[in-house]
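What follows is the content of final_11.cif, which has mmCIF, C-alpha atoms:
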```cif
data_upload
#
loop_
_atom_site.label_atom_id
_atom_site.label_comp_id
_atom_site.auth_asym_id
_atom_site.auth_seq_id
_atom_site.Cartn_x
_atom_site.Cartn_y
_atom_site.Cartn_z
CA MET S 1 129.17 106.30 106.36
CA ASP S 2 127.01 103.14 106.24
CA ASN S 3 123.54 104.05 107.46
CA ASN S 4 121.95 100.63 106.94
CA LEU S 5 120.07 99.09 109.84
CA ILE S 6 119.20 95.96 107.82
CA LEU S 7 121.35 94.60 105.01
CA ILE S 8 120.41 91.36 103.25
CA LYS S 9 122.81 89.66 100.85
CA ASN S 10 122.08 86.80 98.44
CA LEU S 11 119.35 85.23 100.57
CA GLU S 12 117.99 81.86 99.41
CA MET S 13 115.17 79.82 100.94
CA THR S 14 113.93 76.48 99.62
CA TYR S 15 111.19 74.20 100.90
CA ASN S 16 110.85 70.57 99.93
CA SER S 17 107.26 69.67 99.09
CA GLU S 18 105.92 66.33 100.27
CA ALA S 19 105.07 63.61 97.78
CA SER S 20 101.36 63.02 97.18
CA PHE S 21 99.06 61.01 94.94
CA LEU S 22 98.89 63.85 92.42
CA SER S 23 102.60 64.66 92.72
CA PRO S 24 104.51 61.45 93.57
CA LYS S 25 107.93 63.15 93.51
CA LYS S 26 109.23 65.56 96.12
CA GLU S 27 109.94 68.96 94.62
CA ALA S 28 112.12 71.84 95.74
CA LEU S 29 110.13 75.06 96.05
CA HIS S 30 112.33 78.14 95.76
CA VAL S 31 110.54 80.59 98.05
CA LEU S 32 113.33 83.18 98.13
CA LYS S 33 115.78 83.61 95.26
CA ASN S 34 118.93 85.70 95.64
CA ILE S 35 117.32 88.42 97.77
CA ASN S 36 119.37 91.61 98.21
CA LEU S 37 117.85 94.41 100.24
CA ASP S 38 119.03 97.34 102.33
CA ILE S 39 116.93 99.27 104.85
CA LYS S 40 118.38 102.50 106.18
CA LYS S 41 117.84 103.78 109.71
CA GLY S 42 114.59 105.72 110.00
CA GLU S 43 113.19 104.51 106.67
CA ILE S 44 109.85 102.95 105.88
CA ILE S 45 110.43 100.28 103.24
CA SER S 46 107.37 98.60 101.77
CA LEU S 47 107.46 95.08 100.40
CA VAL S 48 104.70 94.43 97.89
CA GLY S 49 103.58 91.51 95.78
CA GLU S 50 100.78 88.99 95.43
CA SER S 51 100.03 86.32 98.03
CA GLY S 52 102.58 83.49 98.04
CA CYS S 53 105.40 85.51 96.51
CA GLY S 54 107.63 85.17 99.61
CA LYS S 55 107.00 88.42 101.52
CA SER S 56 106.20 86.81 104.87
CA THR S 57 108.99 84.24 104.47
CA LEU S 58 111.49 87.06 104.02
CA ALA S 59 110.08 88.82 107.10
CA ASN S 60 110.40 85.61 109.14
CA CYS S 61 114.04 85.29 108.08
CA ILE S 62 114.73 88.84 109.26
CA LEU S 63 112.95 88.08 112.54
CA LYS S 64 115.13 84.96 112.87
CA LEU S 65 112.04 82.74 113.10
CA ILE S 66 113.26 80.61 110.20
CA LYS S 67 116.75 80.06 108.87
CA PRO S 68 117.52 80.43 105.16
CA GLN S 69 119.79 77.95 103.39
CA LYS S 70 122.06 80.65 101.97
CA GLY S 71 122.88 84.31 102.41
CA GLU S 72 123.53 86.86 105.12
CA ILE S 73 121.28 89.17 107.16
CA PHE S 74 123.05 92.03 108.90
CA PHE S 75 121.44 94.07 111.67
CA ASP S 76 123.42 97.20 112.50
CA GLY S 77 126.53 95.55 111.05
CA SER S 78 126.21 92.12 112.72
CA ASP S 79 125.17 88.93 110.91
CA ILE S 80 122.11 87.68 112.83
CA LEU S 81 122.41 84.20 111.32
CA LYS S 82 125.61 83.75 113.36
CA PHE S 83 124.08 84.87 116.66
CA ASN S 84 124.24 82.48 119.60
CA LYS S 85 121.28 81.99 121.96
CA LYS S 86 122.14 84.97 124.16
CA GLU S 87 122.73 87.28 121.22
CA THR S 88 119.43 86.16 119.64
CA PHE S 89 117.60 86.92 122.90
CA GLU S 90 119.03 90.46 122.89
CA TYR S 91 118.17 90.81 119.20
CA ARG S 92 114.52 90.07 120.01
CA LYS S 93 114.33 93.31 122.01
CA LYS S 94 115.50 95.37 119.06
CA ILE S 95 113.16 93.95 116.43
CA GLN S 96 109.42 93.38 116.83
CA MET S 97 106.42 92.48 114.70
CA ILE S 98 102.90 93.80 114.22
CA PHE S 99 100.73 90.97 112.96
CA GLN S 100 97.99 91.08 110.36
CA ASN S 101 94.99 90.02 112.40
CA PRO S 102 94.35 91.93 115.65
CA TYR S 103 91.65 89.41 116.56
CA SER S 104 94.06 86.47 116.79
CA SER S 105 97.32 88.15 117.82
CA LEU S 106 96.20 89.00 121.36
CA ASN S 107 95.68 86.45 124.12
CA PRO S 108 91.92 86.54 124.89
CA LYS S 109 92.52 85.44 128.50
CA MET S 110 94.90 88.27 129.37
CA LYS S 111 93.99 91.80 130.38
CA ILE S 112 95.62 94.48 128.26
CA LYS S 113 97.96 95.58 131.05
CA ASP S 114 99.25 92.01 131.43
CA THR S 115 99.67 91.70 127.66
CA LEU S 116 101.85 94.82 127.62
CA ALA S 117 103.79 93.80 130.72
CA GLU S 118 104.58 90.29 129.51
CA PRO S 119 107.47 91.20 127.13
CA LEU S 120 109.03 93.32 129.88
CA LEU S 121 108.92 90.40 132.31
CA ILE S 122 110.36 87.99 129.73
CA HIS S 123 113.26 90.39 129.20
CA LYS S 124 113.89 90.73 132.94
CA VAL S 125 112.45 94.19 133.57
CA ASN S 126 111.63 93.19 137.14
CA SER S 127 110.92 96.62 138.60
CA SER S 128 107.14 97.16 138.70
CA GLU S 129 107.76 100.93 138.76
CA VAL S 130 109.75 100.78 135.52
CA ARG S 131 107.11 98.56 133.89
CA GLU S 132 104.29 100.90 134.93
CA LYS S 133 106.15 103.93 133.57
CA ARG S 134 106.89 102.24 130.25
CA ILE S 135 103.30 101.06 129.83
CA ASP S 136 102.01 104.59 130.57
CA GLU S 137 104.39 106.08 127.98
CA ILE S 138 103.38 103.64 125.26
CA ILE S 139 99.61 103.78 125.71
CA GLU S 140 99.75 107.57 125.50
CA LEU S 141 101.65 107.33 122.20
CA VAL S 142 99.22 104.89 120.57
CA GLY S 143 95.97 106.32 121.95
CA ILE S 144 94.97 103.79 124.62
CA SER S 145 93.43 105.05 127.87
CA GLN S 146 94.31 103.97 131.41
CA SER S 147 90.86 102.43 131.84
CA ASP S 148 91.51 100.20 128.79
CA LEU S 149 94.32 98.43 130.64
CA LYS S 150 91.79 96.61 132.84
CA LYS S 151 89.85 95.19 129.90
CA TYR S 152 90.17 92.03 127.79
CA PRO S 153 90.68 91.97 123.98
CA HIS S 154 87.08 91.02 123.22
CA GLU S 155 85.94 94.36 124.64
CA PHE S 156 87.64 96.30 121.84
CA SER S 157 87.04 96.99 118.15
CA GLY S 158 89.49 95.79 115.51
CA GLY S 159 91.17 99.19 115.27
CA GLN S 160 91.60 99.41 119.04
CA ARG S 161 93.01 95.90 119.16
CA GLN S 162 95.56 96.80 116.52
CA ARG S 163 96.61 99.82 118.58
CA ILE S 164 97.13 97.45 121.51
CA ALA S 165 99.19 95.15 119.27
CA ILE S 166 101.29 98.16 118.18
CA ALA S 167 101.79 99.11 121.84
CA ARG S 168 102.95 95.58 122.65
CA ALA S 169 105.43 95.68 119.74
CA LEU S 170 106.85 98.98 121.01
CA ILE S 171 107.01 98.17 124.72
CA LEU S 172 110.65 97.00 124.57
CA LYS S 173 111.76 100.14 122.67
CA PRO S 174 112.76 98.31 119.47
CA GLN S 175 114.69 99.94 116.65
CA PHE S 176 112.99 97.97 113.88
CA ILE S 177 109.37 96.99 113.28
CA VAL S 178 108.03 94.45 110.78
CA ALA S 179 104.39 95.28 110.01
CA ASP S 180 102.86 92.35 108.12
CA GLU S 181 99.64 93.58 106.44
CA PRO S 182 98.71 95.39 109.69
CA VAL S 183 95.56 97.06 108.34
CA SER S 184 94.24 94.50 105.85
CA ALA S 185 91.80 93.04 108.42
CA LEU S 186 90.41 96.47 109.36
CA ASP S 187 87.64 98.63 107.96
CA VAL S 188 88.77 101.26 105.46
CA SER S 189 87.55 104.01 107.79
CA ILE S 190 89.93 102.80 110.54
CA CYS S 191 92.87 102.04 108.24
CA ALA S 192 93.94 105.68 107.78
CA SER S 193 94.10 106.39 111.51
CA ILE S 194 96.30 103.33 112.13
CA ILE S 195 98.64 104.28 109.28
CA ASN S 196 98.90 107.85 110.56
CA THR S 197 99.68 106.48 114.02
CA LEU S 198 102.54 104.43 112.56
CA LEU S 199 103.91 107.47 110.73
CA ASP S 200 103.70 109.52 113.91
CA LEU S 201 105.45 106.80 115.95
CA ARG S 202 108.16 106.49 113.34
CA GLN S 203 108.91 110.20 113.77
CA LYS S 204 108.72 110.29 117.57
CA LEU S 205 110.63 107.06 118.25
CA ASN S 206 113.00 107.12 115.26
CA LEU S 207 111.70 103.73 114.12
CA THR S 208 112.71 101.84 111.04
CA ILE S 209 109.80 99.93 109.50
CA LEU S 210 109.38 97.13 106.98
CA PHE S 211 105.76 97.38 105.85
CA ILE S 212 104.38 94.33 104.04
CA SER S 213 101.33 94.90 101.88
CA HIS S 214 99.58 94.20 98.59
CA ASP S 215 97.90 97.64 98.55
CA LEU S 216 99.93 99.91 96.26
CA ASN S 217 97.82 102.98 96.99
CA LEU S 218 98.56 102.54 100.68
CA VAL S 219 102.31 102.03 100.35
CA ARG S 220 102.55 105.01 98.02
CA TYR S 221 101.31 107.17 100.88
CA LEU S 222 103.71 105.97 103.57
CA SER S 223 106.87 104.53 101.97
CA ASP S 224 110.29 106.02 101.36
CA ARG S 225 111.17 103.13 99.05
CA ILE S 226 109.27 100.14 97.68
CA ALA S 227 110.53 96.64 96.88
CA VAL S 228 108.40 94.59 94.49
CA MET S 229 108.47 90.80 94.90
CA ASN S 230 107.42 88.24 92.32
CA LYS S 231 107.85 84.47 92.70
CA GLY S 232 110.47 84.78 95.43
CA GLU S 233 112.55 87.50 93.78
CA ILE S 234 112.81 91.24 94.27
CA VAL S 235 112.26 92.42 90.72
CA GLU S 236 112.38 96.16 91.42
CA PHE S 237 113.50 98.34 94.34
CA LYS S 238 113.21 102.12 94.03
CA THR S 239 112.10 105.27 95.77
CA THR S 240 108.33 105.56 95.82
CA ASN S 241 108.21 108.34 93.24
CA GLU S 242 110.58 106.54 90.87
CA LEU S 243 108.62 103.31 91.09
CA PHE S 244 105.29 104.90 90.29
CA GLU S 245 106.62 107.26 87.62
CA LYS S 246 109.22 105.09 85.89
CA PRO S 247 108.66 101.36 86.55
CA LYS S 248 110.95 99.10 84.53
CA ASP S 249 109.97 95.54 85.36
CA ASP S 250 106.96 94.07 83.54
CA TYR S 251 105.46 92.70 86.75
CA THR S 252 105.68 96.13 88.42
CA LYS S 253 103.98 97.68 85.40
CA TYR S 254 101.25 95.04 85.65
CA LEU S 255 100.64 95.83 89.34
CA LEU S 256 100.48 99.55 88.66
CA SER S 257 98.15 99.11 85.69
CA SER S 258 95.72 97.10 87.81
CA ILE S 259 95.32 99.86 90.42
CA ARG S 260 94.90 102.44 87.69
CA THR S 261 92.21 100.29 86.08
CA ILE S 262 90.38 100.03 89.40
CA LYS S 263 90.53 103.80 89.85
CA THR S 264 88.80 104.45 86.55
#
```
Mind turning the file's structure into structure tokens?
Amino acid sequence: MDNNLILIKNLEMTYNSEASFLSPKKEALHVLKNINLDIKKGEIISLVGESGCGKSTLANCILKLIKPQKGEIFFDGSDILKFNKKETFEYRKKIQMIFQNPYSSLNPKMKIKDTLAEPLLIHKVNSSEVREKRIDEIIELVGISQSDLKKYPHEFSGGQRQRIAIARALILKPQFIVADEPVSALDVSICASIINTLLDLRQKLNLTILFISHDLNLVRYLSDRIAVMNKGEIVEFKTTNELFEKPKDDYTKYLLSSIRTIKT
């Protein structure tokens, strides 16, 4: 039985660079090259690689924020690239994103309760009783108090803001979460608690998570499988133990050697 929630086949994405004084000719930049990836229901897959390798572009394709030139992206058996407007709207409820910077991802003019209620209103949850119940359920799961709902984002620390951002991502009961470097802007002391919260939520809500990071020590702790990206290609995709114990690609070996060097 096929247990894939996300299945990506032969994905290609190319940008055309603008001509400039230093580079008078337009050039095609291959951001994604023949990407093939499967994410099973309930898994945490980590996508690692250096900045500019295509991680966020791939995430934006899955979120249907940008459209690739070639390939297919299946969500629970349906090709999202063929969705019409109504189908895309419904898809938005099932897949959500946790952004990197909790300081810029929340509207500074909105109280936390309004921030959490907004996705419910957009998706026509018009009963205030249902909205209140859902907000109460989510804040309990992520560790936000009732009194916090009356506050504005500037009244919270970075870790608390990221918990609010996680709550907002979960408010529509999605099946799939894209977490794009969700702890890289936080202090190391706060990072572990946020990661443990994600692991706990994954268990309680049966979430499937794509975790984007450049921190190999971090993804080793939380991932079922790891995909390594280099220059727009997935060069290696294995279980976490296999990747760390028996890497085959030279770029993967380079990444692993750098963290080992730092450790010593």
- Run the PyMOL selection byres ((chain S and resi 181-193) around 8) on the file and write out the hits as a ChimeraX atom specification. /S:98-102,158-159,162,179-180,194-197,211-214
- Compile the contact shell of Leu47 (chain S) as a VMD selection string: residues with an atom at most 8 Å away, counting only C-alpha atoms, same-chain residues fewer than 2 positions apart removed. chain S and resid 45 49 55 210 to 213 226 to 229
Taking all listed atoms of region 56-72 of chain S, build the axis-aligned box, pad each of the six sides by 5 Å, then write its centre and edge lengths in Å to one decimal as JSON.
```
{"center_x": 114.9, "center_y": 83.4, "center_z": 107.5, "size_x": 27.3, "size_y": 20.9, "size_z": 21.1}
```
- Message: I need the residue nearest Asn10 (chain S) from this list: S:Ile164, S:Leu32, S:Leu205, S:Leu121. Use only C-alpha atoms for the distance.
- Response: S:Leu32
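Shortest separation to Leu37 (chain S) among S:Ile209, S:Ile62, S:Ile8, S:Leu255 occurs at residue S:Ile8, atoms counted being only C-alpha atoms.
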- Message: As a check of understanding, name the residues that the PyMOL selection byres ((chain S and resi 110) around 12) selects in the supplied structure, as a PyMOL selection string.
- Response: chain S and resi 105-109+111-118+149-155
